[in-house]
Each structure stands twice: as C-alpha cells, then as structure tokens.
Amino acid sequence: MSVYRVRGWSVLLLLLTAGFLLGGCLKAAGAADNPPMGAGDSPSSTSEEPPLTFGIIYPMVNATYEMITGKAEAVARKHNVELLVQAPDEANLEQQIRIMEMMIKRGVDGIAIAPVDSQALTAMINKAAAQGIPVVCFESDSPASRRAAYIGADNRATGAVMGQTVERLLSGKGMILVESGMSRMQSTRERLLGLEAYLTQHTDIDVLEIRHNDGSEERAAGQLEQMISDHPHFSALVNLDFVSSTSSVLVWKAKGLKRYNLALGLTPALQQALDNGQITRVISQNEQNWGEDIINTLLLQAKGVDTAKWINTDIAIIGE
C-alpha cells in the first residue's frame, strides 16, 4: 500500500512538472511573436527600464515652459528617467552654453534645448552629438547642427496664421503694433517674417512699430506701454513670443484696453485671459504636447532608434 502511494505521488509530480514546462514554453513563444517597435511608436513603460538622465534647457523662465516641464516630468516618471531642467532667469546665450557644457560633462543620456541663438549654439550641439549624447531642439530649430530632431511647428507659417487672424479681425485694414522676443532666436525671426510677408501681400494693414523684448518680461511690459502711448489709435497688438503674450495681459488689465490682442502659446493663465477678454485670440503650436514629445523622442534616440527629423506639432487658433 505504501509503495502504491509513493508511485502515485511520483506520477502527479511528473504531470505538474510537465505542465509548468509547457506553460513556460508557450509564454516564451508568445513573447517572441511580439512585433519590434517602430520609430514612431512610444517606448514601452516598464519598471525594468534602465535609469536615464535627460536635460531640458529653456531660453528663460516662463509659464509656458513650466507647463512643458510638468508634462515632461509626468512621462519621465513612467520610464525611470531623471530630468535636469535648467533656464536662465532671462534669455542669455552665455548661460545656455554653460548649461550645455555642464550637462555634457555630466554625461547625460539626452538633451532638449530651445536655442536662443541657433548659430551660436551649433558648436555645443555638435559637441554633445560627438560624445554620443542625442540633442533635440524644440520651439526654435538649429538646422545646421547635428541635432537629432526638431519638435515644434513651422514658425514662418505661424506668423502667417497670425497675419490671417488679425486680417479677419480688422477686415483687412487697420494699424497694428508688434511685440516680439529675441531678435537672434530663429523662431521669433521666422514668425516676424511670416507675419510681415502675409500682411504685405494680402492686406492693407499697417505695422506701426515692432519691438523686441529679448526675453525680459519687465522690458516687454515697458515697451508695450510706450508703444501704446506713442500710437494711441492702434487697432490691434500681435505678440510673437511667450514673454510678450503674458506681459500683454498685465498691460491690458492695468489700462482696461478693449483693443484686439493676439497671443502666442496656450497656458492656463492665457486661457483665463482669453475668457476674461484681455486676449482676443491665441495662436498655439500645441505646446502642451512638447513635454511628452521631448521625452519620447529622447527615449528612442537613447535606445538607438532613428526618429523623424521634424516632429511637426501643427498650429491651432484658439478663441474663434
């Protein structure tokens, strides 16, 4: 009787062992059937991903960039990525160069930068690429550099859309003021060129004055107040950068202005200003998606996966 029991347990043990082995084989076969990830796919998020460090370098401190950081941090947490986020208090080329040097020396796994001067930062972008650190530009491109990708909209087209928008508001006639950002930043130069070209070719709208705030909110507010004082009969203001847009809200509130005011970039604060009437239209390059695009593109680049050279985030008109 005792012999029968031993042999019975042996058979059961063999059956269980065979079952586990078969299950393991089936699981392995299923894993092998999964298709490889394409260049346009979002990297998988697992707790087993190796830790990586990415740097994000902004032109200056601004609410739009804070929004981008929040979205980037949310995606980074899912992929075991540490973020180093740096920005000069106000737009400053030398500080951006020093920040790039620091990140290269640290040996980060990827860098995203909105260069304040595309040509001047080409050498630093190339230096990072030469050391195996992928660099992506966002908002403003550096096409002559070895950057891996550009994330953002067509800035010249954005300027044209601003021209179309103010044309509709003014029925093709009127006088406008233009406040822009950094004169050396490629994105702001292209927006201004796109705006001027459209107005010249398609409208009878006169540009009374153009000012550049060079990334300073205090300077932007002062310039806006001075232009309004010098040209009290202006019909609309067109803001070509994030700093001008946020500063214009303060000026509109202080002066109780009812003129048309076009802003760039949709943040919660600008949405509220749009609701309250300080902003007439917001031209958005879908900046709310840049944080996720930055992290996903750098993840693919860090894994050796080629990505599109231009991740076009398109243009939207908010408030129509």
# chains A, B, ... in the order shown; residues from 1 in each chain; ligands from 1
call {"tool": "select_by_dssp", "arguments": {"residues": "range 98-315 of chain A", "states": "strand (DSSP E)", "output": "PyMOL selection string"}}
result
chain A and resi 110-113+135-138+149-152+173-180+204-212+236-239+260-264+281-284+310-312
call {"tool": "residues_around", "arguments": {"residues": "Gln95 in chain A", "least_positions_apart": "6", "cutoff": "10 Å", "atoms": "only C-alpha atoms", "output": "ChimeraX atom specification"}}
result
/A:59-60,86-89,101
call {"tool": "residues_around", "arguments": {"residues": "Phe242 in chain A", "least_positions_apart": "6", "cutoff": "12 Å", "atoms": "only C-alpha atoms", "output": "ChimeraX atom specification"}}
result
/A:59-66,139,179-182,187-188,213-217,220,248-249,262-267,269-270,282-285,287
call {"tool": "atom_distance", "arguments": {"atom1": "CA of Val161 in chain A", "atom2": "CA of Lys309 in chain A"}}
result
23.5 Å
call {"tool": "atom_distance", "arguments": {"atom1": "CA of Asn239 in chain A", "atom2": "CA of Lys173 in chain A"}}
result
18.4 Å
call {"tool": "closest_residue", "arguments": {"among": "A:Asn261, A:Asn155, A:Ser145, A:Ser229", "to": "Ser244 in chain A", "atoms": "only C-alpha atoms"}}
result
A:Asn261
call {"tool": "closest_residue", "arguments": {"among": "A:Asp314, A:Glu320, A:Asp306, A:Asp109", "to": "Leu274 in chain A", "atoms": "only C-alpha atoms"}}
result
A:Glu320
call {"tool": "closest_residue", "arguments": {"among": "A:Arg259, A:Arg219, A:Arg156, A:Arg98", "to": "Leu177 in chain A", "atoms": "only C-alpha atoms"}}
result
A:Arg259
